[in-house]
$ cat coords_3.tsv   # TSV, C-alpha atoms
chain	number	residue	atom	x	y	z
N	1	MET	CA	129.97	105.80	146.23
N	2	LYS	CA	129.74	102.58	148.21
N	3	ASP	CA	132.59	100.79	150.00
N	4	TYR	CA	133.78	97.42	148.68
N	5	MET	CA	136.38	94.90	149.79
N	6	VAL	CA	137.79	92.82	146.96
N	7	ALA	CA	139.75	89.59	147.23
N	8	HIS	CA	141.82	89.47	144.05
N	9	THR	CA	143.02	85.88	143.58
N	10	PHE	CA	145.70	85.50	140.93
N	11	LYS	CA	144.79	82.98	138.23
N	12	SER	CA	148.37	81.65	138.13
N	13	GLU	CA	151.77	82.14	139.73
N	14	GLU	CA	153.01	83.51	136.40
N	15	LEU	CA	150.33	86.23	136.43
N	16	ARG	CA	151.13	87.02	140.06
N	17	ASP	CA	154.81	87.45	139.20
N	18	GLN	CA	153.93	89.66	136.20
N	19	TYR	CA	151.71	91.82	138.40
N	20	PHE	CA	154.41	92.46	141.01
N	21	GLU	CA	157.08	93.08	138.36
N	22	MET	CA	154.79	95.60	136.65
N	23	SER	CA	153.79	97.38	139.86
N	24	ALA	CA	157.39	97.61	141.11
N	25	SER	CA	158.07	100.28	138.47
N	26	MET	CA	154.96	102.33	139.35
N	27	THR	CA	154.82	105.19	141.84
N	28	GLU	CA	151.86	105.79	144.13
N	29	ASP	CA	150.93	108.72	141.85
N	30	ASP	CA	150.94	106.39	138.82
N	31	ILE	CA	148.63	103.96	140.59
N	32	ARG	CA	146.38	106.74	141.84
N	33	SER	CA	145.97	108.26	138.37
N	34	ASN	CA	145.16	104.89	136.78
N	35	MET	CA	142.84	103.51	139.46
N	36	LYS	CA	140.55	106.49	140.17
N	37	ASN	CA	137.75	107.92	138.08
N	38	GLU	CA	134.19	109.20	138.52
N	39	ASN	CA	132.83	105.63	139.02
N	40	ALA	CA	135.50	103.86	141.09
N	41	SER	CA	138.35	104.85	143.36
N	42	PHE	CA	141.02	102.45	144.62
N	43	GLN	CA	141.76	103.20	148.29
N	44	MET	CA	144.14	100.62	149.81
N	45	ASN	CA	145.84	97.31	149.10
N	46	TRP	CA	146.99	94.54	151.42
N	47	ASN	CA	149.30	91.86	149.98
N	48	ASN	CA	152.07	89.47	150.89
N	49	GLU	CA	153.94	90.05	147.64
N	50	LYS	CA	154.89	86.82	145.87
N	51	ASN	CA	154.23	84.76	149.00
N	52	ASP	CA	150.47	84.48	148.49
N	53	MET	CA	147.99	84.13	145.65
N	54	VAL	CA	145.44	86.57	147.12
N	55	MET	CA	145.56	90.28	147.76
N	56	TYR	CA	142.85	92.43	149.29
N	57	CYS	CA	141.74	95.87	148.19
N	58	TRP	CA	139.40	98.50	149.53
N	59	TRP	CA	137.50	100.34	146.82
N	60	LYS	CA	134.91	103.10	146.75
N	61	ALA	CA	132.72	102.58	143.70
N	62	ASN	CA	129.27	103.00	142.25
N	63	SER	CA	129.05	99.26	141.53
N	64	PRO	CA	131.13	96.07	141.26
N	65	ASP	CA	131.17	96.53	137.47
N	66	ALA	CA	132.76	99.95	137.92
N	67	ILE	CA	135.67	98.30	139.76
N	68	ILE	CA	136.19	95.77	136.96
N	69	GLU	CA	135.98	98.51	134.33
N	70	THR	CA	138.55	100.62	136.21
N	71	LEU	CA	140.93	97.66	136.47
N	72	GLY	CA	140.66	97.20	132.71
N	73	GLU	CA	142.72	94.34	131.29
N	74	MET	CA	144.38	93.85	134.68
N	75	ALA	CA	141.05	92.46	135.98
N	76	ASN	CA	141.69	89.37	133.84
N	77	MET	CA	144.71	88.48	135.99
N	78	PHE	CA	142.42	87.66	138.93
N	79	GLU	CA	139.30	86.00	140.13
N	80	ASN	CA	137.65	89.06	141.69
N	81	ASP	CA	135.45	88.41	144.72
N	82	ILE	CA	133.78	91.80	145.26
N	83	LYS	CA	131.75	92.38	148.42
N	84	GLU	CA	129.92	95.55	149.35
N	85	MET	CA	130.78	96.54	152.93
N	86	PRO	CA	128.28	99.16	154.13
N	87	ASN	CA	129.21	98.86	157.83
N	88	ILE	CA	132.59	100.31	158.72
N	89	MET	CA	134.05	100.64	162.20
N	90	ASN	CA	137.30	102.57	162.43
N	91	VAL	CA	139.09	102.27	165.77
N	92	SER	CA	142.58	102.96	164.41
N	93	ASP	CA	145.09	104.96	166.42
$ encode --input "coords_3.tsv" --output "structure tokens"
Amino acid sequence: MKDYMVAHTFKSEELRDQYFEMSASMTEDDIRSNMKNENASFQMNWNNEKNDMVMYCWWKANSPDAIIETLGEMANMFENDIKEMPNIMNVSD
């Protein structure tokens, strides 16, 4: 699988609010089981909750289409700017 960074921009404040209300009731295990399959695997999410219209996600996937397919109907909540990122430098502590 390839590495992708995705900027998910909410299409409206209403959709943003719906997303965060829905995800508040989900555990990490729920998210993991719904966002991983043989073609795409959600890795991490960076967001500022309801204070921003964009959130960023790291995915491992076979293709951008595999990410959209894995998101399912939820993909329609966003404009999805998917960029392959083949060069990774990890200098974390």
$ closest_residue --input "coords_3.tsv" --among "N:Met35, N:Ala66, N:Val91, N:Val6" --to "Glu79 (chain N)" --atoms "all atoms listed in the file"
N:Val6
$ closest_residue --input "coords_3.tsv" --among "N:Glu49, N:Ser92, N:Glu69, N:Met85" --to "Asn34 (chain N)" --atoms "all atoms listed in the file"
N:Glu69
$ residues_around --input "coords_3.tsv" --residues "Lys60 (chain N)" --least-positions-apart "2" --cutoff "10 Å" --atoms "all atoms listed in the file" --output "PyMOL selection string"
chain N and resi 1-5+36+39-43+58+62-64+66-67+84-85
$ atom_distance --input "coords_3.tsv" --atom1 "CA of Arg16 (chain N)" --atom2 "CA of Asp30 (chain N)"
19.4 Å
$ residues_around --input "coords_3.tsv" --residues "Phe20 (chain N)" --least-positions-apart "5" --cutoff "12 Å" --atoms "all atoms listed in the file" --output "PyMOL selection string"
chain N and resi 10+13-15+25-26+47-53+55+74+77
$ atom_distance --input "coords_3.tsv" --atom1 "CA of Asp65 (chain N)" --atom2 "CA of Glu21 (chain N)"
26.2 Å
$ closest_residue --input "coords_3.tsv" --among "N:Ala7, N:Met22, N:Leu71, N:Val54" --to "Lys83 (chain N)" --atoms "all atoms listed in the file"
N:Ala7
$ atom_distance --input "coords_3.tsv" --atom1 "CA of Asn80 (chain N)" --atom2 "CA of His8 (chain N)"
4.8 Å
$ closest_residue --input "coords_3.tsv" --among "N:Thr70, N:Trp59, N:Met44, N:Pro86" --to "Glu28 (chain N)" --atoms "only C-alpha atoms"
N:Met44
$ closest_residue --input "coords_3.tsv" --among "N:Ser23, N:Gln18, N:Ile68, N:Arg32" --to "Ile82 (chain N)" --atoms "all atoms listed in the file"
N:Ile68
$ axis_aligned_box --input "coords_3.tsv" --around "region 51-69 of chain N" --padding-each-side "4 Å" --output "AutoDock Vina command-line options"
--center_x 141.6 --center_y 93.6 --center_z 141.9 --size_x 33.2 --size_y 27.0 --size_z 23.2
$ decode --input "coords_3.tsv" --residues "region 51-64 of chain N" --atoms "N, CA and C atoms" --output "short mmCIF file (atom, residue, chain, number, x, y, z; two decimals), in the first residue's frame"
data_model
loop_
_atom_site.label_atom_id
_atom_site.label_comp_id
_atom_site.auth_asym_id
_atom_site.auth_seq_id
_atom_site.Cartn_x
_atom_site.Cartn_y
_atom_site.Cartn_z
N ASN N 51 -13.91 23.82 15.39
CA ASN N 51 -13.28 25.12 15.22
C ASN N 51 -12.66 25.32 13.84
N ASP N 52 -12.78 24.34 12.98
CA ASP N 52 -12.16 24.42 11.66
C ASP N 52 -13.00 23.60 10.68
N MET N 53 -12.88 23.92 9.42
CA MET N 53 -13.64 23.21 8.38
C MET N 53 -12.80 22.12 7.70
N VAL N 54 -11.54 21.98 8.10
CA VAL N 54 -10.66 20.99 7.47
C VAL N 54 -10.08 20.08 8.53
N MET N 55 -10.01 18.79 8.20
CA MET N 55 -9.24 17.87 9.03
C MET N 55 -8.33 17.08 8.10
N TYR N 56 -7.25 16.56 8.67
CA TYR N 56 -6.21 15.91 7.89
C TYR N 56 -6.09 14.47 8.34
N CYS N 57 -5.95 13.57 7.37
CA CYS N 57 -5.84 12.16 7.70
C CYS N 57 -4.69 11.52 6.92
N TRP N 58 -4.03 10.60 7.60
CA TRP N 58 -3.02 9.76 6.97
C TRP N 58 -3.67 8.42 6.68
N TRP N 59 -3.56 8.00 5.44
CA TRP N 59 -4.09 6.72 4.99
C TRP N 59 -2.99 5.90 4.35
N LYS N 60 -3.10 4.60 4.44
CA LYS N 60 -2.35 3.66 3.62
C LYS N 60 -3.41 3.04 2.71
N ALA N 61 -3.15 3.08 1.40
CA ALA N 61 -4.18 2.58 0.47
C ALA N 61 -3.54 2.17 -0.85
N ASN N 62 -4.28 1.37 -1.59
CA ASN N 62 -3.84 0.97 -2.92
C ASN N 62 -4.04 2.08 -3.94
N SER N 63 -4.99 2.99 -3.67
CA SER N 63 -5.29 4.07 -4.61
C SER N 63 -6.16 5.11 -3.91
N PRO N 64 -6.27 6.32 -4.49
CA PRO N 64 -7.21 7.30 -3.94
C PRO N 64 -8.66 6.78 -3.95
#
